[in-house]
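Structure data (CSV, C-alpha atoms and all ligand atoms) from input11.csv:
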```csv
chain,number,residue,atom,x,y,z
W,55,MET,CA,60.3,-45.3,-57.7
W,56,LYS,CA,61.2,-41.7,-56.8
W,57,SER,CA,59.5,-40.4,-53.7
W,58,ILE,CA,57.8,-36.9,-53.8
W,59,LEU,CA,59.9,-36.2,-50.7
W,60,GLU,CA,63.2,-36.5,-52.6
W,61,SER,CA,65.0,-33.1,-52.8
W,62,ARG,CA,62.1,-31.5,-50.9
W,63,PRO,CA,63.3,-31.1,-47.3
W,64,LYS,CA,60.4,-28.9,-46.1
W,65,LEU,CA,57.9,-31.5,-47.3
W,66,ALA,CA,59.9,-34.3,-45.9
W,67,LYS,CA,60.0,-32.5,-42.5
W,68,GLN,CA,56.2,-32.2,-42.5
W,69,VAL,CA,55.9,-36.0,-43.1
W,70,ALA,CA,58.6,-36.7,-40.4
W,71,ASP,CA,56.6,-34.6,-37.9
W,72,VAL,CA,53.5,-36.5,-38.7
W,73,ALA,CA,55.4,-39.8,-38.2
W,74,GLU,CA,56.9,-38.5,-34.9
W,75,VAL,CA,53.4,-37.6,-33.6
W,76,ALA,CA,51.9,-40.9,-34.8
W,77,GLY,CA,54.6,-42.6,-32.6
W,78,TYR,CA,53.6,-40.5,-29.6
W,79,LEU,CA,49.9,-41.4,-30.1
W,80,TRP,CA,50.8,-45.1,-30.1
W,81,GLN,CA,53.1,-44.8,-27.1
W,82,LYS,CA,50.4,-42.9,-25.2
W,83,GLY,CA,48.0,-45.8,-25.7
W,84,TRP,CA,45.6,-43.6,-27.6
W,85,ALA,CA,45.9,-45.4,-30.9
W,86,GLU,CA,44.4,-48.9,-30.7
W,87,ARG,CA,44.6,-50.7,-34.1
W,88,ASN,CA,43.9,-48.0,-36.7
W,89,GLY,CA,42.5,-45.5,-34.2
W,90,GLY,CA,43.0,-41.9,-34.9
W,91,ASN,CA,44.0,-39.9,-38.0
W,92,ILE,CA,46.2,-36.9,-39.0
W,93,THR,CA,46.0,-34.6,-42.0
W,94,VAL,CA,48.3,-31.6,-42.8
W,95,ASN,CA,47.7,-28.9,-45.4
W,96,VAL,CA,50.9,-28.7,-47.4
W,97,THR,CA,49.6,-26.5,-50.2
W,98,GLU,CA,52.3,-23.9,-49.5
W,99,LEU,CA,55.0,-26.5,-50.3
W,100,ALA,CA,53.4,-27.7,-53.6
W,101,ASP,CA,55.9,-26.5,-56.4
W,102,ASP,CA,55.1,-26.6,-60.1
W,103,GLU,CA,56.4,-30.1,-60.5
W,104,ILE,CA,54.1,-31.3,-57.7
W,105,LYS,CA,51.2,-29.4,-59.3
W,106,ALA,CA,51.9,-31.2,-62.6
W,107,LEU,CA,52.0,-34.7,-61.1
W,108,PRO,CA,49.5,-37.1,-62.6
W,109,ALA,CA,46.9,-38.7,-60.3
W,110,ILE,CA,47.6,-42.2,-59.2
W,111,SER,CA,43.9,-42.9,-58.2
W,112,GLU,CA,40.5,-42.3,-59.6
W,113,LYS,CA,38.8,-39.1,-58.6
W,114,VAL,CA,36.9,-39.8,-55.3
W,115,GLN,CA,33.9,-37.8,-54.2
W,116,ILE,CA,34.3,-36.1,-50.8
W,117,GLY,CA,30.6,-35.9,-50.3
W,118,ASN,CA,30.3,-32.1,-49.8
W,119,MET,CA,31.5,-28.9,-51.5
W,120,LEU,CA,34.5,-27.3,-49.8
W,121,PRO,CA,35.0,-24.1,-51.8
W,122,HIS,CA,38.2,-22.9,-50.0
W,123,LEU,CA,40.1,-26.2,-50.8
W,124,LYS,CA,40.3,-25.8,-54.6
W,125,GLY,CA,43.8,-27.0,-55.7
W,126,CYS,CA,44.9,-27.7,-52.1
W,127,TYR,CA,47.3,-30.5,-51.2
W,128,PHE,CA,47.2,-32.6,-48.0
W,129,PHE,CA,49.2,-35.4,-46.4
W,130,CYS,CA,46.7,-37.8,-44.9
W,131,LYS,CA,46.9,-41.0,-42.8
W,132,GLY,CA,45.5,-43.9,-44.7
W,133,THR,CA,42.2,-45.5,-43.6
W,134,ASN,CA,42.6,-48.6,-41.6
W,135,LYS,CA,46.4,-47.9,-41.2
W,136,ARG,CA,48.0,-48.1,-37.8
W,137,MET,CA,49.6,-45.1,-36.1
W,138,ARG,CA,52.5,-47.3,-35.0
W,139,ASP,CA,53.1,-48.2,-38.7
W,140,LEU,CA,52.6,-44.5,-39.8
W,141,ALA,CA,55.4,-43.7,-37.3
W,142,ARG,CA,57.9,-46.1,-39.0
W,143,TRP,CA,56.7,-46.0,-42.6
W,144,PRO,CA,54.8,-42.8,-43.2
W,145,MET,CA,54.8,-43.0,-47.0
W,146,GLU,CA,53.4,-46.6,-47.0
W,147,ASN,CA,50.6,-45.7,-44.5
W,148,GLY,CA,49.7,-42.3,-45.7
W,149,SER,CA,49.5,-40.4,-49.0
W,150,PHE,CA,49.4,-36.9,-50.6
W,151,ILE,CA,46.1,-35.9,-52.1
W,152,ARG,CA,45.0,-33.0,-54.4
W,153,ILE,CA,41.6,-31.4,-54.2
W,154,CYS,CA,40.1,-31.2,-57.7
W,155,ASP,CA,38.8,-28.0,-59.3
W,156,ASN,CA,35.2,-28.8,-58.5
W,157,CYS,CA,36.0,-28.6,-54.8
W,158,ALA,CA,34.0,-31.8,-54.3
W,159,SER,CA,36.5,-34.6,-55.1
W,160,TYR,CA,40.1,-35.5,-54.6
W,161,GLU,CA,42.8,-37.6,-56.2
W,162,ILE,CA,45.9,-39.3,-54.7
W,163,ILE,CA,49.1,-38.0,-56.2
W,164,ALA,CA,52.0,-39.7,-54.2
W,165,ASP,CA,53.7,-41.9,-53.3
W,166,ASN,CA,51.4,-44.9,-53.1
W,167,PRO,CA,47.6,-45.2,-53.7
W,168,VAL,CA,46.8,-45.3,-50.0
W,169,LYS,CA,43.1,-44.4,-49.4
W,170,PRO,CA,42.9,-41.5,-47.0
W,171,THR,CA,41.3,-41.8,-43.5
W,172,SER,CA,37.5,-42.5,-43.2
W,173,GLU,CA,37.3,-39.2,-41.2
W,174,LEU,CA,38.4,-37.3,-44.3
W,175,ALA,CA,35.0,-35.4,-44.5
W,176,SER,CA,35.6,-34.0,-41.0
W,177,HIS,CA,39.3,-33.2,-41.6
W,178,LEU,CA,38.7,-31.5,-44.9
W,179,SER,CA,35.7,-29.6,-43.6
W,180,MET,CA,37.9,-28.3,-40.8
W,181,HIS,CA,40.7,-27.3,-43.2
W,182,ASN,CA,38.0,-25.6,-45.4
W,183,TYR,CA,36.7,-23.7,-42.4
W,184,LEU,CA,40.3,-22.7,-41.2
W,185,ILE,CA,41.3,-21.3,-44.7
W,186,GLY,CA,37.9,-19.5,-45.0
W,187,SER,CA,38.4,-17.8,-41.7
W,188,GLY,CA,41.9,-16.6,-42.5
W,189,SER,CA,43.6,-18.9,-40.0
W,190,ASN,CA,47.2,-20.0,-40.5
W,191,TYR,CA,46.4,-23.5,-39.0
W,192,LYS,CA,47.6,-26.4,-41.1
W,193,ALA,CA,47.2,-29.5,-39.0
W,194,VAL,CA,44.3,-31.6,-37.8
W,195,VAL,CA,44.9,-34.5,-35.3
W,196,HIS,CA,42.2,-36.9,-34.2
W,197,THR,CA,43.0,-39.5,-31.5
W,198,HIS,CA,41.3,-41.6,-28.7
W,199,PRO,CA,42.8,-40.6,-25.3
W,200,ILE,CA,41.6,-42.9,-22.6
W,201,ASP,CA,41.1,-40.4,-19.9
W,202,LEU,CA,39.4,-37.7,-21.9
W,203,VAL,CA,37.1,-40.1,-23.6
W,204,ALA,CA,36.2,-41.7,-20.3
W,205,MET,CA,35.1,-38.3,-19.0
W,206,THR,CA,32.6,-37.9,-21.8
W,207,HIS,CA,30.7,-40.9,-20.4
W,208,ASN,CA,29.5,-38.7,-17.6
W,209,PRO,CA,26.6,-36.5,-18.8
W,210,ALA,CA,27.5,-33.8,-16.2
W,211,PHE,CA,30.8,-33.2,-18.1
W,212,LEU,CA,29.0,-32.7,-21.4
W,213,LYS,CA,27.5,-29.4,-20.5
W,214,LYS,CA,29.2,-26.4,-22.1
W,215,ASP,CA,32.6,-25.6,-20.6
W,216,VAL,CA,32.2,-27.8,-17.5
W,217,LEU,CA,35.2,-29.9,-18.7
W,218,THR,CA,37.0,-26.8,-19.9
W,219,LYS,CA,36.9,-25.3,-16.4
W,220,LEU,CA,37.6,-28.5,-14.6
W,221,LEU,CA,40.7,-29.3,-16.7
W,222,TRP,CA,42.0,-25.7,-16.7
W,223,SER,CA,41.9,-25.7,-12.9
W,224,MET,CA,44.0,-28.8,-12.5
W,225,ILE,CA,47.4,-27.3,-13.6
W,226,PRO,CA,48.3,-23.8,-14.8
W,227,GLU,CA,49.8,-25.1,-18.1
W,228,THR,CA,46.4,-26.2,-19.3
W,229,ARG,CA,44.9,-22.8,-18.8
W,230,ALA,CA,47.9,-21.2,-20.6
W,231,PHE,CA,48.4,-23.6,-23.5
W,232,CYS,CA,44.8,-24.6,-24.1
W,233,PRO,CA,43.4,-21.1,-23.8
W,234,LYS,CA,40.2,-21.7,-25.7
W,235,GLY,CA,39.3,-24.8,-23.7
W,236,LEU,CA,37.5,-27.9,-24.9
W,237,GLY,CA,34.4,-28.0,-27.1
W,238,ILE,CA,31.9,-30.8,-26.8
W,239,ILE,CA,30.2,-32.5,-29.7
W,240,PRO,CA,27.4,-34.9,-28.9
W,241,TYR,CA,27.9,-38.4,-30.1
W,242,ALA,CA,27.5,-38.8,-33.9
W,243,LEU,CA,28.4,-41.7,-36.2
W,244,PRO,CA,32.2,-41.9,-36.9
W,245,SER,CA,33.0,-40.6,-40.5
W,246,SER,CA,29.5,-39.0,-40.8
W,247,PHE,CA,28.8,-35.5,-42.3
W,248,GLU,CA,26.8,-34.8,-39.2
W,249,LEU,CA,30.0,-35.2,-37.2
W,250,ALA,CA,31.9,-33.0,-39.7
W,251,ASP,CA,29.4,-30.2,-39.6
W,252,ALA,CA,29.1,-30.2,-35.8
W,253,THR,CA,32.9,-30.2,-35.5
W,254,VAL,CA,33.3,-27.2,-37.8
W,255,LYS,CA,30.7,-25.3,-35.8
W,256,GLN,CA,32.7,-25.8,-32.6
W,257,LEU,CA,35.9,-24.5,-34.3
W,258,GLU,CA,34.3,-21.0,-34.2
W,259,GLU,CA,35.1,-21.1,-30.5
W,260,TYR,CA,37.6,-23.9,-29.7
W,261,ASP,CA,40.9,-25.4,-31.1
W,262,VAL,CA,40.3,-28.7,-29.4
W,263,VAL,CA,36.9,-30.5,-29.4
W,264,MET,CA,35.7,-33.8,-27.9
W,265,TRP,CA,33.7,-36.2,-29.9
W,266,GLU,CA,31.5,-37.8,-27.2
W,267,LYS,CA,32.4,-41.4,-26.3
W,268,HIS,CA,34.8,-41.5,-29.3
W,269,GLY,CA,37.8,-39.2,-29.2
W,270,VAL,CA,39.3,-35.7,-29.5
W,271,CYS,CA,40.1,-33.5,-32.5
W,272,SER,CA,42.7,-30.7,-32.4
W,273,VAL,CA,43.7,-28.0,-34.9
W,274,SER,CA,46.8,-25.9,-34.9
W,275,GLU,CA,49.6,-24.3,-36.9
W,276,ASN,CA,51.5,-27.6,-37.0
W,277,VAL,CA,51.1,-31.2,-36.0
W,278,MET,CA,53.3,-30.9,-32.9
W,279,GLU,CA,51.2,-28.0,-31.4
W,280,ALA,CA,48.0,-29.9,-32.2
W,281,PHE,CA,49.4,-32.9,-30.3
W,282,ASP,CA,50.7,-30.8,-27.4
W,283,MET,CA,47.2,-29.4,-26.7
W,284,ILE,CA,45.7,-32.8,-26.4
W,285,ASP,CA,48.6,-34.0,-24.3
W,286,THR,CA,48.2,-31.1,-21.9
W,287,LEU,CA,44.4,-31.7,-21.6
W,288,SER,CA,45.1,-35.4,-21.0
W,289,LYS,CA,47.6,-34.5,-18.3
W,290,SER,CA,44.9,-32.4,-16.5
W,291,ALA,CA,42.4,-35.3,-16.8
W,292,GLN,CA,45.0,-37.7,-15.3
W,293,ILE,CA,45.6,-35.3,-12.3
W,294,TYR,CA,41.8,-35.2,-11.8
W,295,LEU,CA,41.5,-39.0,-12.0
W,296,THR,CA,44.5,-39.6,-9.8
W,297,ALA,CA,43.1,-37.4,-7.1
W,298,LYS,CA,39.7,-39.1,-7.4
W,299,SER,CA,41.4,-42.5,-7.1
W,300,MET,CA,43.1,-41.4,-4.0
W,301,GLY,CA,39.7,-40.9,-2.6
W,302,PHE,CA,39.2,-37.1,-2.7
W,303,GLU,CA,37.7,-34.4,-5.0
W,304,PRO,CA,40.6,-32.3,-6.2
W,305,GLU,CA,40.3,-28.7,-5.0
W,306,GLY,CA,41.4,-27.1,-8.3
W,307,LEU,CA,42.8,-23.6,-8.9
W,308,SER,CA,40.2,-21.0,-7.7
W,309,ASP,CA,38.5,-18.6,-10.0
W,310,VAL,CA,40.7,-15.9,-8.6
W,311,LEU,CA,43.9,-17.8,-9.5
W,312,MET,CA,42.5,-18.6,-12.9
W,313,GLU,CA,41.8,-14.9,-13.5
W,314,GLU,CA,45.3,-14.1,-12.5
W,315,LEU,CA,46.6,-16.6,-15.1
W,316,LYS,CA,44.4,-15.0,-17.7
W,317,VAL,CA,45.8,-11.6,-17.1
W,318,ALA,CA,49.4,-12.7,-16.7
W,319,PHE,CA,49.4,-14.8,-19.9
W,320,ASN,CA,47.1,-12.4,-21.8
W,321,LEU,CA,44.7,-15.2,-22.6
W,322,PRO,CA,41.8,-14.8,-25.0
W,323,LYS,CA,39.0,-16.2,-23.0
A,1,LIG,P1,40.7,-44.5,-40.1
A,1,LIG,O1,41.6,-45.7,-39.9
A,1,LIG,O2,39.8,-44.5,-41.3
A,1,LIG,O3,41.6,-43.2,-40.0
A,1,LIG,O4,39.7,-44.4,-38.8
A,1,LIG,C1,40.2,-44.3,-37.5
A,1,LIG,C2,39.3,-43.6,-36.6
A,1,LIG,O5,39.7,-43.2,-35.5
A,1,LIG,C3,37.9,-43.3,-37.0
A,1,LIG,O6,37.3,-42.3,-36.1
A,2,ZN,ZN,38.3,-42.1,-34.2
```
Show this structure as structure tokens.
Ligand code: 13P
Ligand code: ZN
Amino acid sequence: MKSILESRPKLAKQVADVAEVAGYLWQKGWAERNGGNITVNVTELADDEIKALPAISEKVQIGNMLPHLKGCYFFCKGTNKRMRDLARWPMENGSFIRICDNCASYEIIADNPVKPTSELASHLSMHNYLIGSGSNYKAVVHTHPIDLVAMTHNPAFLKKDVLTKLLWSMIPETRAFCPKGLGIIPYALPSSFELADATVKQLEEYDVVMWEKHGVCSVSENVMEAFDMIDTLSKSAQIYLTAKSMGFEPEGLSDVLMEELKVAFNLPK
């Protein structure tokens, strides 16, 4: 069977990048079993031949109406598929979907009928929000970083921007490369529309959000950048935890030094 990636180097690069990041998530220890999911908006790369491809699945209801996604195309990790398998065999553990004209259902178009992630409602709601707000962001990464998730088990860290400030103050890179900080979403059932709606609300302010006692979600122009922001925040969390395990409270960069970074790097917040 001919793959959709054949003679389409740009599309193949998107899938290769997803596979590369999936490998990092596994190596980091953030992707137990099927933990985490990735989707990428590839609509720009859908040529006429792709648009004419027949569906290889039934039409599946998304569960909500996403008006900005009409005719959009996404590469999605499959539900119950492992990141370590997505890394090696992306087209057996993920699939391309097309959003139907009613903006409320999707169909799989290639290469295999791999059912998309159970967090599709959240992912598609985020893509819908991003397109609607004129953003050029194309990638959503959800993963379960041990250190960041552990921190959400402390209610004191769940107040607005407490973690943002703490993690920014651990190392200048986090302030510079995660300039909007970290949004917090109170625990909600995985895969639920409640979680999807709360996530979209937080995207008005943040590019990276924590799902309390579950994981983190990041949006960016591409899958590498989305991974890098989570990796940077996790580095800060590890510095904090390392200092704590050495028996002291880390001092952190002062407000004055943080303000200096904000000016020097022309940061938005
Ligand atoms: P999926 O295997 O359906 O992508 O679910 C993994 C997950 O992390 C749910 O939050
Ligand atoms: Zn999860």
Legend entry - Nearby residues, ligand LIG 1 (chain A), 6 Å, all atoms listed in the file, as a list in words: Asn88, Gly89, Gly90, Asn91, Thr133, Asn134, Lys135, Thr171, Ser172, Glu173 and Pro244 of chain W
Legend entry - 8 Å contact set for Tyr191 in chain W, only C-alpha atoms, chain neighbours under 2 positions out, as a PyMOL selection string: chain W and resi 184-185+189+193+273-276
Inset, instruction - Using all atoms listed in the file, determine which residues lie at most 6 Å from Ile151 in chain W, disregarding the query and same-chain residues fewer than 5 positions distant; provide the list as a list in words. - result: Tyr127, Phe128, Glu161, Ile162 and Ile163 of chain W
Inset, instruction - Rank W:Ala76, W:Ala210, W:Met145, W:Cys271 by their smallest atom-to-atom distance to ligand ZN 2 (chain A), using only C-alpha atoms and all ligand atoms, and report the top residue only. - result: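 Of the candidates, the smallest distance to ligand ZN 2 (chain A) is held by W:Cys271.
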Inset, instruction - Report the distance between CA of Lys267 in chain W and CA of Val72 in chain W in Å, rounded to one decimal place. - result: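 According to the coordinates, CA of Lys267 in chain W and CA of Val72 in chain W are separated by 25.0 Å.
Here CA of Arg142 in chain W is placed at a distance of 19.9 Å from CA of Val194 in chain W.
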Inset, instruction - Kindly provide, as a PyMOL selection string, all nucleotide and amino acid residues lying within 12 Å of ligand ZN 2 (chain A), counting all atoms listed in the file. - result: chain W and resi 84-92+133-134+136-137+171-174+176-177+195-199+203+241-246+249+264-271
I need the chosen residues saved as a short mmCIF file (atom, residue, chain, number, x, y, z; two decimals), in the frame of the given file, with C-alpha atoms.
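File produced: out_12.cif:
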```
data_model
loop_
_atom_site.label_atom_id
_atom_site.label_comp_id
_atom_site.auth_asym_id
_atom_site.auth_seq_id
_atom_site.Cartn_x
_atom_site.Cartn_y
_atom_site.Cartn_z
CA TRP W 84 45.60 -43.60 -27.60
CA ALA W 85 45.90 -45.40 -30.90
CA GLU W 86 44.40 -48.90 -30.70
CA ARG W 87 44.60 -50.70 -34.10
CA ASN W 88 43.90 -48.00 -36.70
CA GLY W 89 42.50 -45.50 -34.20
CA GLY W 90 43.00 -41.90 -34.90
CA ASN W 91 44.00 -39.90 -38.00
CA ILE W 92 46.20 -36.90 -39.00
CA THR W 133 42.20 -45.50 -43.60
CA ASN W 134 42.60 -48.60 -41.60
CA ARG W 136 48.00 -48.10 -37.80
CA MET W 137 49.60 -45.10 -36.10
CA THR W 171 41.30 -41.80 -43.50
CA SER W 172 37.50 -42.50 -43.20
CA GLU W 173 37.30 -39.20 -41.20
CA LEU W 174 38.40 -37.30 -44.30
CA SER W 176 35.60 -34.00 -41.00
CA HIS W 177 39.30 -33.20 -41.60
CA VAL W 195 44.90 -34.50 -35.30
CA HIS W 196 42.20 -36.90 -34.20
CA THR W 197 43.00 -39.50 -31.50
CA HIS W 198 41.30 -41.60 -28.70
CA PRO W 199 42.80 -40.60 -25.30
CA VAL W 203 37.10 -40.10 -23.60
CA TYR W 241 27.90 -38.40 -30.10
CA ALA W 242 27.50 -38.80 -33.90
CA LEU W 243 28.40 -41.70 -36.20
CA PRO W 244 32.20 -41.90 -36.90
CA SER W 245 33.00 -40.60 -40.50
CA SER W 246 29.50 -39.00 -40.80
CA LEU W 249 30.00 -35.20 -37.20
CA MET W 264 35.70 -33.80 -27.90
CA TRP W 265 33.70 -36.20 -29.90
CA GLU W 266 31.50 -37.80 -27.20
CA LYS W 267 32.40 -41.40 -26.30
CA HIS W 268 34.80 -41.50 -29.30
CA GLY W 269 37.80 -39.20 -29.20
CA VAL W 270 39.30 -35.70 -29.50
CA CYS W 271 40.10 -33.50 -32.50
#
```
